[in-house]
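All remarks here apply to the structure that follows.
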Amino acid sequence: MSAWGSRKARLVLQALLKIGWTVKRQSGSHRTLSRSSHPDYVFAFHDGEEIGPHMLSRIARKTGLTPGDL
């Protein structure tokens, strides 16, 4: 079983902001996040959308998010 469960996009974004990411710009539901020593990451989910375990692990690889951050 995966360490990642399903989470709402709003909660994932809050966790990313908590670990040091900032919203650089936004166009609709596409938010460009930035963090020093990381390339920019485009978070393109509506707040109420459910993000599954596979996508959460892909986000984690790019952003440094851990299951404990959620």
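Residues are named by chain letter and number: chains run A, B, ... in the order of the structure tokens, numbers start at 1 in each chain, and ligands are numbered from 1 in the order shown.
Every protein or nucleic acid residue with an atom no more than 7 Å from Ala9 in chain A, counting only C-alpha atoms and leaving out same-chain residues fewer than 3 positions away, appears here: A:Val12, A:Leu13, A:Phe45, A:His46, A:Asp47, A:Gly48, A:Glu49, A:Glu50, A:Ile51.
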Go ahead and write the selection's residues with N, CA and C atoms as a PDB file, in the first residue's frame.
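The resulting file, selection00.pdb, is shown below:
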ATOM      1  N   VAL A  12      -3.325  20.035  -0.200  1.00  0.00           N
ATOM      2  CA  VAL A  12      -1.979  19.838  -0.746  1.00  0.00           C
ATOM      3  C   VAL A  12      -1.301  21.188  -0.948  1.00  0.00           C
ATOM      4  N   LEU A  13      -2.030  22.159  -1.483  1.00  0.00           N
ATOM      5  CA  LEU A  13      -1.468  23.498  -1.670  1.00  0.00           C
ATOM      6  C   LEU A  13      -1.083  24.119  -0.324  1.00  0.00           C
ATOM      7  N   PHE A  45      -4.546  22.511 -10.228  1.00  0.00           N
ATOM      8  CA  PHE A  45      -5.708  21.792  -9.716  1.00  0.00           C
ATOM      9  C   PHE A  45      -6.712  22.775  -9.132  1.00  0.00           C
ATOM     10  N   HIS A  46      -7.991  22.491  -9.283  1.00  0.00           N
ATOM     11  CA  HIS A  46      -9.025  23.257  -8.611  1.00  0.00           C
ATOM     12  C   HIS A  46      -9.010  22.884  -7.131  1.00  0.00           C
ATOM     13  N   ASP A  47      -9.379  23.811  -6.259  1.00  0.00           N
ATOM     14  CA  ASP A  47      -9.288  23.595  -4.814  1.00  0.00           C
ATOM     15  C   ASP A  47     -10.053  22.363  -4.332  1.00  0.00           C
ATOM     16  N   GLY A  48     -11.214  22.103  -4.867  1.00  0.00           N
ATOM     17  CA  GLY A  48     -12.036  20.987  -4.403  1.00  0.00           C
ATOM     18  C   GLY A  48     -11.723  19.661  -5.070  1.00  0.00           C
ATOM     19  N   GLU A  49     -10.784  19.650  -5.994  1.00  0.00           N
ATOM     20  CA  GLU A  49     -10.437  18.444  -6.739  1.00  0.00           C
ATOM     21  C   GLU A  49      -9.679  17.459  -5.860  1.00  0.00           C
ATOM     22  N   GLU A  50      -9.971  16.181  -6.017  1.00  0.00           N
ATOM     23  CA  GLU A  50      -9.311  15.118  -5.265  1.00  0.00           C
ATOM     24  C   GLU A  50      -8.048  14.698  -6.019  1.00  0.00           C
ATOM     25  N   ILE A  51      -6.908  14.670  -5.335  1.00  0.00           N
ATOM     26  CA  ILE A  51      -5.649  14.240  -5.936  1.00  0.00           C
ATOM     27  C   ILE A  51      -5.321  12.858  -5.379  1.00  0.00           C
TER      28      ILE A  51
END
Which polymer residues have any atom within 10 Å of an atom of His38 in chain A, counting only C-alpha atoms, with same-chain residues fewer than 2 positions away left out, as a PyMOL selection string? chain A and resi 21+33-36+40-41+62-64
For CA of Lys24 in chain A and CA of Arg58 in chain A, determine how far apart the two atoms are, in Å to one decimal place.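 Value for the CA of Lys24 in chain A-CA of Arg58 in chain A distance: 20.7 Å.
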Taking 4 positions as the minimum chain separation for residues in the same chain, which residues sit within 9 Å of Leu11 in chain A when counting only C-alpha atoms? Answer as a count of residues only. 5
Residues of range 5-58 of chain A in strand (DSSP E or B) according to DSSP, as an mmCIF file with all heavy atoms, in the first residue's frame?
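And here's out.cif as it stands now:
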data_model
loop_
_atom_site.group_PDB
_atom_site.id
_atom_site.type_symbol
_atom_site.label_atom_id
_atom_site.label_comp_id
_atom_site.auth_asym_id
_atom_site.auth_seq_id
_atom_site.Cartn_x
_atom_site.Cartn_y
_atom_site.Cartn_z
ATOM 1 N N ARG A 7 -6.028 13.223 -1.295
ATOM 2 C CA ARG A 7 -6.215 14.491 -0.577
ATOM 3 C C ARG A 7 -6.844 15.514 -1.503
ATOM 4 O O ARG A 7 -6.660 15.484 -2.713
ATOM 5 C CB ARG A 7 -4.877 15.065 -0.101
ATOM 6 C CG ARG A 7 -4.129 14.233 0.899
ATOM 7 C CD ARG A 7 -4.782 14.320 2.266
ATOM 8 N NE ARG A 7 -3.971 13.741 3.303
ATOM 9 C CZ ARG A 7 -3.937 12.461 3.626
ATOM 10 N NH1 ARG A 7 -4.647 11.609 2.946
ATOM 11 N NH2 ARG A 7 -3.183 12.035 4.618
ATOM 12 N N LYS A 8 -7.553 16.453 -0.930
ATOM 13 C CA LYS A 8 -8.090 17.579 -1.690
ATOM 14 C C LYS A 8 -6.930 18.496 -2.095
ATOM 15 O O LYS A 8 -5.956 18.664 -1.349
ATOM 16 C CB LYS A 8 -9.090 18.386 -0.859
ATOM 17 C CG LYS A 8 -10.347 17.641 -0.495
ATOM 18 C CD LYS A 8 -11.268 17.566 -1.679
ATOM 19 C CE LYS A 8 -12.579 16.925 -1.258
ATOM 20 N NZ LYS A 8 -13.490 16.799 -2.365
ATOM 21 N N THR A 22 5.986 29.439 -2.392
ATOM 22 C CA THR A 22 5.155 30.648 -2.473
ATOM 23 C C THR A 22 4.508 30.706 -3.849
ATOM 24 O O THR A 22 5.058 30.189 -4.824
ATOM 25 C CB THR A 22 5.984 31.932 -2.250
ATOM 26 O OG1 THR A 22 7.003 31.993 -3.233
ATOM 27 C CG2 THR A 22 6.579 31.965 -0.861
ATOM 28 N N VAL A 23 3.344 31.341 -3.914
ATOM 29 C CA VAL A 23 2.660 31.513 -5.191
ATOM 30 C C VAL A 23 3.304 32.690 -5.912
ATOM 31 O O VAL A 23 3.237 33.825 -5.447
ATOM 32 C CB VAL A 23 1.146 31.752 -4.989
ATOM 33 C CG1 VAL A 23 0.463 31.988 -6.323
ATOM 34 C CG2 VAL A 23 0.506 30.580 -4.265
ATOM 35 N N LYS A 24 3.936 32.394 -7.024
ATOM 36 C CA LYS A 24 4.625 33.415 -7.814
ATOM 37 C C LYS A 24 3.631 34.170 -8.693
ATOM 38 O O LYS A 24 3.684 35.386 -8.807
ATOM 39 C CB LYS A 24 5.688 32.736 -8.669
ATOM 40 C CG LYS A 24 6.620 33.623 -9.402
ATOM 41 C CD LYS A 24 7.676 32.762 -10.095
ATOM 42 C CE LYS A 24 8.721 33.580 -10.801
ATOM 43 N NZ LYS A 24 9.711 32.697 -11.446
ATOM 44 N N ARG A 25 2.733 33.416 -9.322
ATOM 45 C CA ARG A 25 1.674 34.022 -10.136
ATOM 46 C C ARG A 25 0.559 32.998 -10.291
ATOM 47 O O ARG A 25 0.742 31.816 -10.055
ATOM 48 C CB ARG A 25 2.189 34.486 -11.498
ATOM 49 C CG ARG A 25 2.697 33.394 -12.382
ATOM 50 C CD ARG A 25 3.237 33.959 -13.701
ATOM 51 N NE ARG A 25 3.952 32.934 -14.427
ATOM 52 C CZ ARG A 25 5.238 32.649 -14.286
ATOM 53 N NH1 ARG A 25 5.967 33.323 -13.424
ATOM 54 N NH2 ARG A 25 5.798 31.701 -14.985
ATOM 55 N N GLN A 26 -0.612 33.479 -10.710
ATOM 56 C CA GLN A 26 -1.774 32.612 -10.863
ATOM 57 C C GLN A 26 -2.573 33.042 -12.078
ATOM 58 O O GLN A 26 -2.769 34.232 -12.316
ATOM 59 C CB GLN A 26 -2.654 32.656 -9.616
ATOM 60 C CG GLN A 26 -3.861 31.766 -9.710
ATOM 61 C CD GLN A 26 -4.623 31.679 -8.401
ATOM 62 O OE1 GLN A 26 -4.133 32.110 -7.369
ATOM 63 N NE2 GLN A 26 -5.802 31.127 -8.455
ATOM 64 N N SER A 27 -3.048 32.063 -12.842
ATOM 65 C CA SER A 27 -3.932 32.302 -13.970
ATOM 66 C C SER A 27 -5.018 31.231 -13.912
ATOM 67 O O SER A 27 -4.770 30.077 -14.255
ATOM 68 C CB SER A 27 -3.157 32.228 -15.290
ATOM 69 O OG SER A 27 -4.041 32.392 -16.370
ATOM 70 N N HIS A 30 -4.332 27.544 -12.440
ATOM 71 C CA HIS A 30 -2.913 27.270 -12.580
ATOM 72 C C HIS A 30 -2.110 28.237 -11.710
ATOM 73 O O HIS A 30 -2.110 29.439 -11.953
ATOM 74 C CB HIS A 30 -2.457 27.418 -14.033
ATOM 75 C CG HIS A 30 -2.928 26.327 -14.922
ATOM 76 N ND1 HIS A 30 -4.254 26.158 -15.264
ATOM 77 C CD2 HIS A 30 -2.260 25.331 -15.531
ATOM 78 C CE1 HIS A 30 -4.367 25.111 -16.051
ATOM 79 N NE2 HIS A 30 -3.170 24.589 -16.235
ATOM 80 N N ARG A 31 -1.443 27.675 -10.713
ATOM 81 C CA ARG A 31 -0.613 28.487 -9.829
ATOM 82 C C ARG A 31 0.843 28.103 -10.066
ATOM 83 O O ARG A 31 1.180 26.921 -10.001
ATOM 84 C CB ARG A 31 -0.964 28.238 -8.373
ATOM 85 C CG ARG A 31 -2.361 28.657 -8.000
ATOM 86 C CD ARG A 31 -2.665 28.233 -6.564
ATOM 87 N NE ARG A 31 -4.006 28.556 -6.194
ATOM 88 C CZ ARG A 31 -5.028 27.703 -6.270
ATOM 89 N NH1 ARG A 31 -4.845 26.496 -6.729
ATOM 90 N NH2 ARG A 31 -6.234 28.072 -5.893
ATOM 91 N N THR A 32 1.690 29.075 -10.311
ATOM 92 C CA THR A 32 3.120 28.820 -10.434
ATOM 93 C C THR A 32 3.728 29.063 -9.068
ATOM 94 O O THR A 32 3.663 30.169 -8.530
ATOM 95 C CB THR A 32 3.768 29.738 -11.482
ATOM 96 O OG1 THR A 32 3.120 29.512 -12.737
ATOM 97 C CG2 THR A 32 5.251 29.436 -11.623
ATOM 98 N N LEU A 33 4.317 28.004 -8.502
ATOM 99 C CA LEU A 33 4.918 28.074 -7.179
ATOM 100 C C LEU A 33 6.423 28.193 -7.321
ATOM 101 O O LEU A 33 7.013 27.604 -8.227
ATOM 102 C CB LEU A 33 4.570 26.819 -6.379
ATOM 103 C CG LEU A 33 3.088 26.494 -6.223
ATOM 104 C CD1 LEU A 33 2.912 25.178 -5.467
ATOM 105 C CD2 LEU A 33 2.356 27.608 -5.517
ATOM 106 N N SER A 34 7.041 28.927 -6.423
ATOM 107 C CA SER A 34 8.494 29.061 -6.459
ATOM 108 C C SER A 34 9.063 28.834 -5.063
ATOM 109 O O SER A 34 8.401 29.062 -4.051
ATOM 110 C CB SER A 34 8.903 30.431 -6.988
ATOM 111 O OG SER A 34 8.495 31.435 -6.106
ATOM 112 N N ARG A 35 10.306 28.356 -5.067
ATOM 113 C CA ARG A 35 11.035 28.113 -3.824
ATOM 114 C C ARG A 35 12.516 28.175 -4.167
ATOM 115 O O ARG A 35 12.936 27.691 -5.219
ATOM 116 C CB ARG A 35 10.682 26.736 -3.265
ATOM 117 C CG ARG A 35 11.311 26.403 -1.942
ATOM 118 C CD ARG A 35 10.823 25.055 -1.469
ATOM 119 N NE ARG A 35 11.445 24.689 -0.219
ATOM 120 C CZ ARG A 35 11.339 23.497 0.333
ATOM 121 N NH1 ARG A 35 10.632 22.560 -0.266
ATOM 122 N NH2 ARG A 35 11.925 23.239 1.461
ATOM 123 N N HIS A 38 14.951 25.372 -6.031
ATOM 124 C CA HIS A 38 14.079 24.458 -6.761
ATOM 125 C C HIS A 38 13.587 25.156 -8.025
ATOM 126 O O HIS A 38 13.365 26.366 -8.000
ATOM 127 C CB HIS A 38 12.839 24.070 -5.934
ATOM 128 C CG HIS A 38 13.103 23.091 -4.853
ATOM 129 N ND1 HIS A 38 13.633 23.442 -3.632
ATOM 130 C CD2 HIS A 38 12.907 21.757 -4.795
ATOM 131 C CE1 HIS A 38 13.735 22.366 -2.871
ATOM 132 N NE2 HIS A 38 13.310 21.331 -3.559
ATOM 133 N N PRO A 39 13.387 24.403 -9.096
ATOM 134 C CA PRO A 39 12.747 25.026 -10.258
ATOM 135 C C PRO A 39 11.279 25.321 -9.945
ATOM 136 O O PRO A 39 10.685 24.693 -9.059
ATOM 137 C CB PRO A 39 12.885 23.981 -11.363
ATOM 138 C CG PRO A 39 13.183 22.702 -10.676
ATOM 139 C CD PRO A 39 13.783 23.030 -9.340
ATOM 140 N N ASP A 40 10.693 26.279 -10.648
ATOM 141 C CA ASP A 40 9.283 26.600 -10.448
ATOM 142 C C ASP A 40 8.424 25.366 -10.713
ATOM 143 O O ASP A 40 8.775 24.502 -11.522
ATOM 144 C CB ASP A 40 8.843 27.722 -11.382
ATOM 145 C CG ASP A 40 9.392 29.074 -10.962
ATOM 146 O OD1 ASP A 40 10.005 29.168 -9.879
ATOM 147 O OD2 ASP A 40 9.195 30.033 -11.731
ATOM 148 N N TYR A 41 7.296 25.278 -10.023
ATOM 149 C CA TYR A 41 6.377 24.154 -10.183
ATOM 150 C C TYR A 41 4.983 24.712 -10.448
ATOM 151 O O TYR A 41 4.518 25.600 -9.725
ATOM 152 C CB TYR A 41 6.359 23.281 -8.920
ATOM 153 C CG TYR A 41 5.426 22.112 -9.041
ATOM 154 C CD1 TYR A 41 5.754 21.027 -9.835
ATOM 155 C CD2 TYR A 41 4.195 22.110 -8.398
ATOM 156 C CE1 TYR A 41 4.887 19.967 -9.979
ATOM 157 C CE2 TYR A 41 3.326 21.056 -8.536
ATOM 158 C CZ TYR A 41 3.675 19.982 -9.326
ATOM 159 O OH TYR A 41 2.815 18.933 -9.476
ATOM 160 N N VAL A 42 4.316 24.191 -11.478
ATOM 161 C CA VAL A 42 2.958 24.626 -11.808
ATOM 162 C C VAL A 42 1.981 23.675 -11.141
ATOM 163 O O VAL A 42 1.947 22.479 -11.443
ATOM 164 C CB VAL A 42 2.730 24.667 -13.336
ATOM 165 C CG1 VAL A 42 1.288 25.049 -13.632
ATOM 166 C CG2 VAL A 42 3.683 25.644 -13.981
ATOM 167 N N PHE A 43 1.192 24.207 -10.224
ATOM 168 C CA PHE A 43 0.170 23.445 -9.506
ATOM 169 C C PHE A 43 -1.154 23.766 -10.181
ATOM 170 O O PHE A 43 -1.685 24.861 -10.027
ATOM 171 C CB PHE A 43 0.165 23.872 -8.032
ATOM 172 C CG PHE A 43 -0.700 23.023 -7.153
ATOM 173 C CD1 PHE A 43 -0.249 21.803 -6.690
ATOM 174 C CD2 PHE A 43 -1.967 23.447 -6.778
ATOM 175 C CE1 PHE A 43 -1.046 21.017 -5.871
ATOM 176 C CE2 PHE A 43 -2.767 22.675 -5.961
ATOM 177 C CZ PHE A 43 -2.299 21.461 -5.505
ATOM 178 N N ALA A 44 -1.676 22.824 -10.970
ATOM 179 C CA ALA A 44 -2.833 23.093 -11.833
ATOM 180 C C ALA A 44 -4.048 22.269 -11.419
ATOM 181 O O ALA A 44 -4.521 21.409 -12.162
ATOM 182 C CB ALA A 44 -2.471 22.809 -13.277
ATOM 183 N N GLU A 50 -9.971 16.181 -6.017
ATOM 184 C CA GLU A 50 -9.311 15.118 -5.265
ATOM 185 C C GLU A 50 -8.048 14.698 -6.019
ATOM 186 O O GLU A 50 -8.100 14.407 -7.212
ATOM 187 C CB GLU A 50 -10.260 13.930 -5.126
ATOM 188 C CG GLU A 50 -9.850 12.898 -4.123
ATOM 189 C CD GLU A 50 -10.094 13.322 -2.686
ATOM 190 O OE1 GLU A 50 -10.957 14.183 -2.443
ATOM 191 O OE2 GLU A 50 -9.404 12.792 -1.813
ATOM 192 N N ILE A 51 -6.908 14.670 -5.335
ATOM 193 C CA ILE A 51 -5.649 14.240 -5.936
ATOM 194 C C ILE A 51 -5.321 12.858 -5.379
ATOM 195 O O ILE A 51 -5.251 12.675 -4.168
ATOM 196 C CB ILE A 51 -4.509 15.231 -5.625
ATOM 197 C CG1 ILE A 51 -4.860 16.622 -6.137
ATOM 198 C CG2 ILE A 51 -3.204 14.744 -6.245
ATOM 199 C CD1 ILE A 51 -3.838 17.679 -5.798
#
Mind checking DSSP for chain A and telling me the helix (DSSP H, G or I) residues as a ChimeraX atom specification? /A:9-18,53-63,67-69
Could you please take those selected residues and save C-alpha atoms as a short mmCIF file (atom, residue, chain, number, x, y, z; two decimals), in the first residue's frame?
data_model
loop_
_atom_site.label_atom_id
_atom_site.label_comp_id
_atom_site.auth_asym_id
_atom_site.auth_seq_id
_atom_site.Cartn_x
_atom_site.Cartn_y
_atom_site.Cartn_z
CA ALA A 9 -5.99 19.96 -3.78
CA ARG A 10 -6.64 22.77 -1.30
CA LEU A 11 -4.93 20.74 1.48
CA VAL A 12 -1.98 19.84 -0.75
CA LEU A 13 -1.47 23.50 -1.67
CA GLN A 14 -1.60 24.48 2.02
CA ALA A 15 1.07 21.86 2.79
CA LEU A 16 3.29 23.15 -0.03
CA LEU A 17 2.97 26.72 1.26
CA LYS A 18 3.78 25.49 4.76
CA PRO A 53 -1.83 8.72 -4.46
CA HIS A 54 0.00 8.39 -7.79
CA MET A 55 -0.23 12.10 -8.56
CA LEU A 56 0.72 13.00 -4.98
CA SER A 57 3.91 10.96 -5.31
CA ARG A 58 4.70 12.75 -8.59
CA ILE A 59 4.14 16.13 -6.90
CA ALA A 60 6.37 15.02 -4.01
CA ARG A 61 9.26 14.12 -6.32
CA LYS A 62 9.25 17.63 -7.79
CA THR A 63 8.55 19.63 -4.61
CA PRO A 67 3.37 12.27 3.67
CA GLY A 68 4.04 13.82 7.09
CA ASP A 69 3.55 17.31 5.65
#
